[in-house]
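First the structure, in the form of C-alpha cells, and then the observations on it.
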Amino acid sequence: MSTEFKAFLVDKDKDGNVKSDFKTMTTDDLPEGEVLIKVHYSGINYKDALATTDNNNIVKSYPMVPGIDLAGTVVESSDPTIEEGEEVIVTSYDLGVSHYGGFSEYARVKSEWVVKLPNNLTLEEAMIYGTAGYTAGLAIEKLEKAGFMTLEGGKVLVRGASGGVGSLAVLMLSNLGYKVVASTGNKEAAKKIEDLGAKEIIDRITENDDALLGSRTWQAAIDPIGGEGTPYVINRIDNNGGVALIGMTGGIKFNATVYPFILRGASLVGIDSVFTPMKLRERVWRRLATDLKADKLQEIKRSISFDELPESIETVLHHKNTGRIVIDFNAE
C-alpha cells in the first residue's frame with residue numbers, strides 16, 4: 001500500500017538552474033531497494049548543502065532528494081536479516097547523490113547499506129554523529145590501529161575544530177584521554193571547543209610556510225580541511241606519526257616535500273567514509289556507542305524541524321554553523 005509523505009527535492013529547470021523545495025510524494029516514487037525506512041532523524045552536512053546549488057558536483061542525476069544521512073525504523077524489508085520495526089542507520093554510499101536520501105519522511109535503500117543501531121545509542125545520537133561523526137571515528141580508528149596515535153604520545157591536532165567533523169573529533173579524542181590542540185578561525189566558538197575538551201586553541205592554518213621541515217609538534221592530526229594548510233601540518237608531525245585527511249573545504253590541492261615522509265616516517269592516511277567495508281563500518285559505529293561516546297555529545301547539536309531545513313542549509317553554505325544540525329522529523 002502506497003504512503004504519502006513530504007520530501008525535500010532538488011531539480012534543474014529548463015535553463016539548467018538548480019531549484020529546491022518541499023514536495024509531496026508517495027512511497028511508489030522512491031527508488032528500488034530492499035528496505036523501506038520511516039525516517040526519524042537526519043543531519044545537514046556541507047555536502048548536502050552543496051547539493052542545492054548550481055553547478056555542484058554532488059548530485060549525479062535529477063530530480064534528487066539530498067541527505068547523505070538518515071536514522072529511522074524499518075517499515076518493510078525483503079531482506080530476512082533486517083526485520084520490520086528495527087532501528088537502523090544509513091550513511092553515505094549513493095544516498096542523497098544518485099539515490100534518494102535522508103531529507104524525506106520515508107526512504108527506500110539497499111539492504112547492504114543498512115547498519116543496525118548499536119546498543120547504547122539512540123536514533124537522535126546517531127544523527128548527531130551522522131557522516132561527520134562516523135568519519136571522525138573512522139579517522140581515529142585508522143590512526144590508532146596503525147600505531148600513528150597513542151595515549152602515551154604527544155598532542156593531537158584537529159583542524160576545523162568548530163565544524164561538524166572537527167568538533168566531534170575534539171570531543172571523541174578528549175573523551176579517550178588525548179591531549180587535543182584545536183585549530184579554528186572561529187573566535188566565537190573557542191570557549192565551546194574548550195568545553196568539548198580541547199587543551200589548546202590555535203588559529204586557523206590556511207597555508208604552508210617556507211620551512212622544508214618544521215618542529216615536531218603533534219603526534220598525529222585529523223584534517224577535515226585540506227588545501228595548502230595540509231603540508232604545514234605534515235611538516236610538524238612527530239616521528240612515525242600520521243595525518244588523517246578527510247575534507248577539502250580549504251582546497252583540493254597542496255604542494256609538499258618528501259622530507260617529513262622519508263626523514264620522520266610521517267604517513268598521510270586518506271579517510272573515505274563513503275565505501276567503507278561493512279565490517280569496519282559496524283566496528284566504528286560500535287565504538288561511537290561505547291568508548292568514543294562522550295557525555296557532552298548533545299552539546300554540539302542544534303535541532304530543527306523539517307520545515308526549517310531551507311534556512312539551515314543557507315547557514316551551512318555560508319559556514320555560519322557550529323557543531324551539528326539535526327533534523328527532527330517529529331518536531332513541529
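Identifiers in this document derive from the order of the C-alpha cells: chains are assigned A, B, ..., residues are numbered from 1 separately in each chain, and ligands are numbered from 1 in order of occurrence.
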Taking 4 positions as the minimum chain separation for residues in the same chain, which residues sit within 8 Å of region 319-327 of chain A when counting only C-alpha atoms? Answer as a list in words.
Tyr41, Ser42, Gly43, Ile44, Glu124, Met127, Ile128, Tyr129, Ser162, Gly163, Gly164, Ser167, Leu168, Ala189, Ile300, Lys301, Arg302, Ser303, Ile304, Ser305, Phe306, Leu309, Ser312 and Thr315 of chain A
With C-alpha atoms retained, could you export that selection as a compact mmCIF listing (two decimals), in the first residue's frame?
# COMPACT_ATOMS: atom_id res chain seq x y z
CA TYR A 41 16.26 12.00 12.10
CA SER A 42 18.71 13.27 9.52
CA GLY A 43 21.51 15.84 9.56
CA ILE A 44 22.88 18.58 7.34
CA GLU A 124 18.96 11.03 17.53
CA MET A 127 22.39 11.65 13.60
CA ILE A 128 24.31 13.96 15.92
CA TYR A 129 27.18 11.87 14.66
CA SER A 162 34.30 24.34 15.08
CA GLY A 163 32.78 22.31 12.22
CA GLY A 164 30.91 19.02 12.34
CA SER A 167 34.04 19.34 16.90
CA LEU A 168 33.17 15.65 17.07
CA ALA A 189 33.50 29.14 19.08
CA ILE A 300 27.22 20.06 19.84
CA LYS A 301 23.79 19.67 18.23
CA ARG A 302 21.11 22.12 17.18
CA SER A 303 17.76 20.50 16.47
CA ILE A 304 15.47 21.84 13.75
CA SER A 305 12.13 20.79 12.33
CA PHE A 306 11.89 19.56 8.74
CA LEU A 309 15.62 22.89 6.54
CA SER A 312 19.56 25.93 7.84
CA THR A 315 23.62 28.67 7.29
Please give the complete set of residues from region 113-312 of chain A that DSSP, run on the backbone, assigns to strand (DSSP E or B), formatted as a VMD selection string.
chain A and resid 115 to 116 156 to 158 180 to 183 200 to 202 218 to 223 237 to 245 267 to 270 301 to 305
Find the residues of region 81-144 of chain A that sit at most 9 Å from region 48-59 of chain A; for each, write down the nearest two atoms and how far apart they are in Å, to one decimal. Count only C-alpha atoms. Sort by chain, then by number going up, and give it as a Markdown table.
| residue | atom | partner | partner_atom | distance |
| --- | --- | --- | --- | --- |
| A:Gly96 | CA | A:Val59 | CA | 7.4 |
| A:Val97 | CA | A:Val59 | CA | 4.7 |
| A:Ser98 | CA | A:Val59 | CA | 6.3 |
Could you take the residues named above and write them with all heavy atoms, as a CSV table (one decimal), in the first residue's frame?
chain,number,residue,atom,x,y,z
A,96,GLY,N,21.5,10.3,-1.3
A,96,GLY,CA,21.5,11.7,-1.5
A,96,GLY,C,22.3,12.2,-2.6
A,96,GLY,O,22.5,13.4,-2.8
A,97,VAL,N,22.9,11.3,-3.4
A,97,VAL,CA,23.8,11.6,-4.5
A,97,VAL,C,23.2,11.1,-5.8
A,97,VAL,O,23.0,11.9,-6.8
A,97,VAL,CB,25.2,11.1,-4.3
A,97,VAL,CG1,26.1,11.3,-5.5
A,97,VAL,CG2,25.8,11.7,-3.0
A,98,SER,N,23.0,9.8,-5.9
A,98,SER,CA,22.3,9.2,-7.0
A,98,SER,C,21.2,8.3,-6.6
A,98,SER,O,20.6,7.6,-7.4
A,98,SER,CB,23.3,8.4,-7.9
A,98,SER,OG,23.9,7.4,-7.1
Any idea what's packed within 12 Å of Ala190 (chain A), counting only C-alpha atoms, ignoring anything in its chain fewer than 2 positions away? Could you give it as a list in words?
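My reading of the contact set: Gly160, Ala161, Ser162, Gly163, Ser167, Val181, Ala182, Ser183, Thr184, Gly185, Asn186, Lys187, Glu188, Lys192, Ile193, Glu194, Asp195, Leu196, Gly197, Ala198, Lys199, Glu200, Ile201, Ile202, Asp203, Arg204 and Thr322 of chain A.
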Selected residues written out with N, CA and C atoms, as a compact mmCIF listing (two decimals), in the first residue's frame:
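Writing done, so here's again-v8.txt:
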# COMPACT_ATOMS: atom_id res chain seq x y z
N GLY A 160 39.83 22.68 11.69
CA GLY A 160 38.41 22.92 11.50
C GLY A 160 37.60 22.51 12.71
N ALA A 161 38.08 22.86 13.90
CA ALA A 161 37.52 22.31 15.14
C ALA A 161 36.13 22.82 15.46
N SER A 162 35.65 23.86 14.80
CA SER A 162 34.30 24.34 15.08
C SER A 162 33.26 23.68 14.17
N GLY A 163 33.70 22.96 13.15
CA GLY A 163 32.78 22.31 12.22
C GLY A 163 32.29 20.97 12.74
N SER A 167 34.53 19.29 15.52
CA SER A 167 34.04 19.34 16.90
C SER A 167 33.82 17.94 17.45
N VAL A 181 44.82 19.65 20.50
CA VAL A 181 45.04 21.03 20.07
C VAL A 181 44.03 21.31 18.96
N ALA A 182 43.20 22.30 19.14
CA ALA A 182 42.13 22.60 18.18
C ALA A 182 42.48 23.83 17.36
N SER A 183 42.41 23.70 16.05
CA SER A 183 42.67 24.82 15.15
C SER A 183 41.35 25.32 14.57
N THR A 184 41.11 26.63 14.70
CA THR A 184 39.87 27.21 14.17
C THR A 184 40.06 28.70 13.92
N GLY A 185 39.35 29.20 12.93
CA GLY A 185 39.32 30.63 12.69
C GLY A 185 38.09 31.28 13.29
N ASN A 186 37.25 30.47 13.93
CA ASN A 186 36.01 30.95 14.54
C ASN A 186 36.28 31.31 15.99
N LYS A 187 36.60 32.56 16.24
CA LYS A 187 36.95 33.01 17.60
C LYS A 187 35.79 32.84 18.56
N GLU A 188 34.57 33.03 18.06
CA GLU A 188 33.39 32.94 18.92
C GLU A 188 33.16 31.51 19.42
N LYS A 192 33.48 27.19 23.41
CA LYS A 192 32.73 25.95 23.24
C LYS A 192 33.66 24.78 22.93
N ILE A 193 34.68 25.04 22.12
CA ILE A 193 35.64 23.98 21.78
C ILE A 193 36.43 23.57 23.02
N GLU A 194 36.79 24.53 23.86
CA GLU A 194 37.46 24.21 25.12
C GLU A 194 36.56 23.35 26.00
N ASP A 195 35.28 23.68 26.02
CA ASP A 195 34.33 22.91 26.83
C ASP A 195 34.21 21.47 26.34
N LEU A 196 34.48 21.26 25.05
CA LEU A 196 34.43 19.90 24.50
C LEU A 196 35.67 19.09 24.87
N GLY A 197 36.69 19.78 25.41
CA GLY A 197 37.86 19.06 25.90
C GLY A 197 39.19 19.47 25.31
N ALA A 198 39.21 20.43 24.39
CA ALA A 198 40.49 20.86 23.80
C ALA A 198 41.37 21.50 24.86
N LYS A 199 42.65 21.12 24.87
CA LYS A 199 43.59 21.67 25.84
C LYS A 199 44.21 22.98 25.36
N GLU A 200 44.14 23.19 24.04
CA GLU A 200 44.78 24.38 23.46
C GLU A 200 44.02 24.76 22.19
N ILE A 201 43.85 26.06 21.98
CA ILE A 201 43.21 26.57 20.76
C ILE A 201 44.24 27.37 19.98
N ILE A 202 44.40 27.07 18.70
CA ILE A 202 45.29 27.85 17.85
C ILE A 202 44.49 28.38 16.66
N ASP A 203 45.06 29.34 15.97
CA ASP A 203 44.38 29.98 14.85
C ASP A 203 44.25 29.01 13.67
N ARG A 204 43.41 29.38 12.73
CA ARG A 204 43.23 28.61 11.50
C ARG A 204 44.56 28.49 10.75
N THR A 322 27.97 25.98 13.83
CA THR A 322 28.97 25.26 14.63
C THR A 322 28.35 23.94 15.04
Please provide as a count of residues only all residues within 9 Å of Ala146 (chain A), with the sequence filter that same-chain residues fewer than 4 positions apart are discarded (counting only C-alpha atoms).
3
Distance of CA of Arg287 (chain A) from CA of Val180 (chain A), expressed in Å to one decimal place:
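Separation between CA of Val180 (chain A) and CA of Arg287 (chain A): 19.1 Å.
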So which residues touch Ile246 (chain A) within 10 Å, counting only C-alpha atoms, skipping near sequence neighbours fewer than 6 positions away, as a ChimeraX atom specification?
/A:132,135-136,138-139,165,222-226,269-273
Have a look at CA of Leu123 (chain A) and CA of Asp328 (chain A) and let me know their distance in Å, one decimal.
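Result for CA of Leu123 (chain A) versus CA of Asp328 (chain A): 10.2 Å, one decimal.
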Need the shell around Val258 (chain A): protein/DNA/RNA residues with any atom at most 10 Å away, counting only C-alpha atoms. Skip same-chain ones fewer than 5 positions apart. Format as a ChimeraX atom specification?
/A:212-213,235,263-264,266
Write down as a PyMOL selection string the residues belonging to region 148-304 of chain A that are assigned alpha helix (DSSP H) by DSSP computed on the backbone.
chain A and resi 164-176+190-195+229-234+259-263+278-288
Counting only C-alpha atoms, figure out which residue out of A:Ala107, A:Val74, A:Val88, A:Val170 gets nearest to Phe8 (chain A).
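Of A:Ala107, A:Val74, A:Val88, A:Val170, the one nearest Phe8 (chain A), counting only C-alpha atoms, is A:Ala107.
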Students should find that CA of Glu34 (chain A) and CA of Ser20 (chain A) are spaced 27.4 Å
Using only C-alpha atoms, which of A:Ser111, A:Ser61, A:Lys47, A:Ser92 sits nearest Gly247 (chain A)?
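Result for the nearest residue to Gly247 (chain A): A:Lys47.
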Within 12 Å of Thr3 (chain A), counting only C-alpha atoms, which residues qualify if same-chain residues fewer than 6 places away don't, as a list of chain:residue names?
A:Thr24, A:Met25, A:Thr26, A:Thr27, A:Asp28, A:Asp29, A:Leu30, A:Leu36, A:Ile37, A:Lys38, A:Val75, A:Glu105, A:Tyr106, A:Ala107
